[in-house]
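Chemist: Input: one structure, supplied below.
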Amino acid sequence: MTESVKNIVILISGAGSNMTALIRTAQQEQWEVQLGARVAAVISNQPGAEGLALAQALGVATQVLDHKDFESRAAFDAALQTLIDAHQPALVVLAGFMRILTPGFVAHYAGRMVNIHPSLLPAFTGLNTHQRAIDAGSTEAGATVHLVTNELDHGQILAQAVVPVLPDDSAKTLAARVLAQEHLMYPQAIKDFLRELKPA
Ligand code: GAR
């Protein structure tokens, strides 16, 4: 392992399908050789997150930091920052990490923390994006990869994937169509981002 390897730390809260797509792509495409980058760890705030076992099965170290063990959001974020920074990350990837982040935490990772959000931002920030897109009569939906800033689901857009909203769609069928595109877009967007990153 060279010292200049770009460590990626992935944060999850649940299923971890985007995390899985990212780890698989990194392994199949040999990012360590091609990009000098590797997924160093997966951290979950939910002890029961399904993604933890998937990451372990793919040979990636996992850690759990349960937010319920902390008195405040700031205390949790401070502990999370310490865990993440032990890996000296070039990039922090939020992959279904369902937490509001404190300004200090966001500032600490400014320019090196990305998120995927299941809507065509700036439309439908926040939760229940698919139902809201259907209710609004949108003909198109999708997902967005963006840099994380203090304003929720804002920040520079790095990539977007668009899918049609079909007449019979439920939130579930639309979410599945969008998620399939997320799995293609997120690894590609991260690869492009890593290529642009200057060495530390
Ligand atoms: C994904 O659809 C992601 O875009 C969304 O959660 C899902 C996580 O799925 N993220 C957000 O809603 C963030 N606000 P996964 O755990 O299977 O990757």
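Identifiers in this document derive from the order of the structure tokens: chains are assigned A, B, ..., residues are numbered from 1 separately in each chain, and ligands are numbered from 1 in order of occurrence.
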May I have all residues of stretch 76-108 of chain A that DSSP, computed from the backbone, assigns to strand (DSSP E or B), given as number ranges by chain?
Modeler: A: 89-94
Chemist: Got time to write the residues from that selection, all heavy atoms, as a PDB file, in the first residue's frame?
Modeler:
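part.pdb was written with the following content:
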ATOM      1  N   PRO A  89      -9.322   9.886   5.239  1.00  0.00           N
ATOM      2  CA  PRO A  89     -10.040   9.769   3.975  1.00  0.00           C
ATOM      3  C   PRO A  89      -9.787  10.907   2.995  1.00  0.00           C
ATOM      4  O   PRO A  89      -9.702  12.070   3.396  1.00  0.00           O
ATOM      5  CB  PRO A  89     -11.506   9.776   4.422  1.00  0.00           C
ATOM      6  CG  PRO A  89     -11.510  10.616   5.652  1.00  0.00           C
ATOM      7  CD  PRO A  89     -10.204  10.305   6.349  1.00  0.00           C
ATOM      8  N   ALA A  90      -9.670  10.532   1.724  1.00  0.00           N
ATOM      9  CA  ALA A  90      -9.685  11.536   0.660  1.00  0.00           C
ATOM     10  C   ALA A  90     -11.126  11.893   0.343  1.00  0.00           C
ATOM     11  O   ALA A  90     -11.417  12.994  -0.115  1.00  0.00           O
ATOM     12  CB  ALA A  90      -9.002  10.985  -0.584  1.00  0.00           C
ATOM     13  N   LEU A  91     -12.023  10.933   0.594  1.00  0.00           N
ATOM     14  CA  LEU A  91     -13.424  11.135   0.227  1.00  0.00           C
ATOM     15  C   LEU A  91     -14.337  10.415   1.212  1.00  0.00           C
ATOM     16  O   LEU A  91     -14.098   9.248   1.545  1.00  0.00           O
ATOM     17  CB  LEU A  91     -13.662  10.592  -1.187  1.00  0.00           C
ATOM     18  CG  LEU A  91     -15.060  10.761  -1.766  1.00  0.00           C
ATOM     19  CD1 LEU A  91     -15.396  12.246  -1.950  1.00  0.00           C
ATOM     20  CD2 LEU A  91     -15.172  10.045  -3.101  1.00  0.00           C
ATOM     21  N   VAL A  92     -15.377  11.109   1.662  1.00  0.00           N
ATOM     22  CA  VAL A  92     -16.425  10.505   2.485  1.00  0.00           C
ATOM     23  C   VAL A  92     -17.681  10.405   1.617  1.00  0.00           C
ATOM     24  O   VAL A  92     -18.118  11.402   1.033  1.00  0.00           O
ATOM     25  CB  VAL A  92     -16.704  11.344   3.750  1.00  0.00           C
ATOM     26  CG1 VAL A  92     -17.849  10.741   4.569  1.00  0.00           C
ATOM     27  CG2 VAL A  92     -15.432  11.446   4.606  1.00  0.00           C
ATOM     28  N   VAL A  93     -18.219   9.189   1.535  1.00  0.00           N
ATOM     29  CA  VAL A  93     -19.361   8.922   0.662  1.00  0.00           C
ATOM     30  C   VAL A  93     -20.590   8.601   1.511  1.00  0.00           C
ATOM     31  O   VAL A  93     -20.592   7.612   2.257  1.00  0.00           O
ATOM     32  CB  VAL A  93     -19.048   7.724  -0.274  1.00  0.00           C
ATOM     33  CG1 VAL A  93     -20.298   7.317  -1.056  1.00  0.00           C
ATOM     34  CG2 VAL A  93     -17.906   8.065  -1.223  1.00  0.00           C
ATOM     35  N   LEU A  94     -21.618   9.429   1.415  1.00  0.00           N
ATOM     36  CA  LEU A  94     -22.877   9.147   2.097  1.00  0.00           C
ATOM     37  C   LEU A  94     -23.719   8.283   1.159  1.00  0.00           C
ATOM     38  O   LEU A  94     -24.011   8.682   0.030  1.00  0.00           O
ATOM     39  CB  LEU A  94     -23.621  10.446   2.430  1.00  0.00           C
ATOM     40  CG  LEU A  94     -22.820  11.523   3.185  1.00  0.00           C
ATOM     41  CD1 LEU A  94     -23.737  12.690   3.551  1.00  0.00           C
ATOM     42  CD2 LEU A  94     -22.155  10.953   4.431  1.00  0.00           C
TER      43      LEU A  94
END
Chemist: Residues at most 10 Å from ligand 1, using only C-alpha atoms and all ligand atoms? Could they come as a PyMOL selection string?
Modeler: chain A and resi 11-22+49-51+94-100+115-119+125-130+142-145+152-153+175-176+178-183+186
Chemist: Fewer than 5 positions away in the same chain doesn't count, so skip those; otherwise give me all residues within 7 Å of stretch 57-67 of chain A, counting only C-alpha atoms, as a PyMOL selection string.
Modeler: chain A and resi 40-47+52+76
Chemist: Extract, using only C-alpha atoms, all DNA, RNA and protein residues at most 7 Å from stretch 24-39 of chain A, discarding same-chain residues fewer than 4 positions from it, and format them as a PyMOL selection string.
Modeler: chain A and resi 5-9+20+187+195
Chemist: Restricted to C-alpha atoms, what would the selected residues look like written as a CSV table (one decimal), in the first residue's frame?
Modeler:
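That gives us result_4.csv:
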chain,number,residue,atom,x,y,z
A,5,VAL,CA,-3.6,5.9,-1.6
A,6,LYS,CA,-6.9,7.7,-1.6
A,7,ASN,CA,-9.1,6.2,1.1
A,8,ILE,CA,-12.8,6.2,0.7
A,9,VAL,CA,-15.0,5.9,3.8
A,20,THR,CA,-22.4,-2.6,-2.5
A,187,PRO,CA,-19.7,4.7,-8.8
A,195,ARG,CA,-9.7,11.5,-10.9
Chemist: What are the DSSP helix (DSSP H, G or I) residues of stretch 81-136 of chain A, as a list in words?
Modeler: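 Here are the helix (DSSP H, G or I) residues of stretch 81-136 of chain A: Gln81, Thr82, Leu83, Ile84, Asp85, Pro103, Gly104, Phe105, Val106, Ala107, His108, Thr129, His130, Gln131, Arg132, Ala133, Ile134 and Asp135 of chain A.
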Chemist: Report, in Å with one decimal, the straight-line distance from atom CA of A:Ala53 to atom CA of A:Gln88.
Modeler: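 Pair atom CA of A:Ala53 / atom CA of A:Gln88 returns 23.4 Å.
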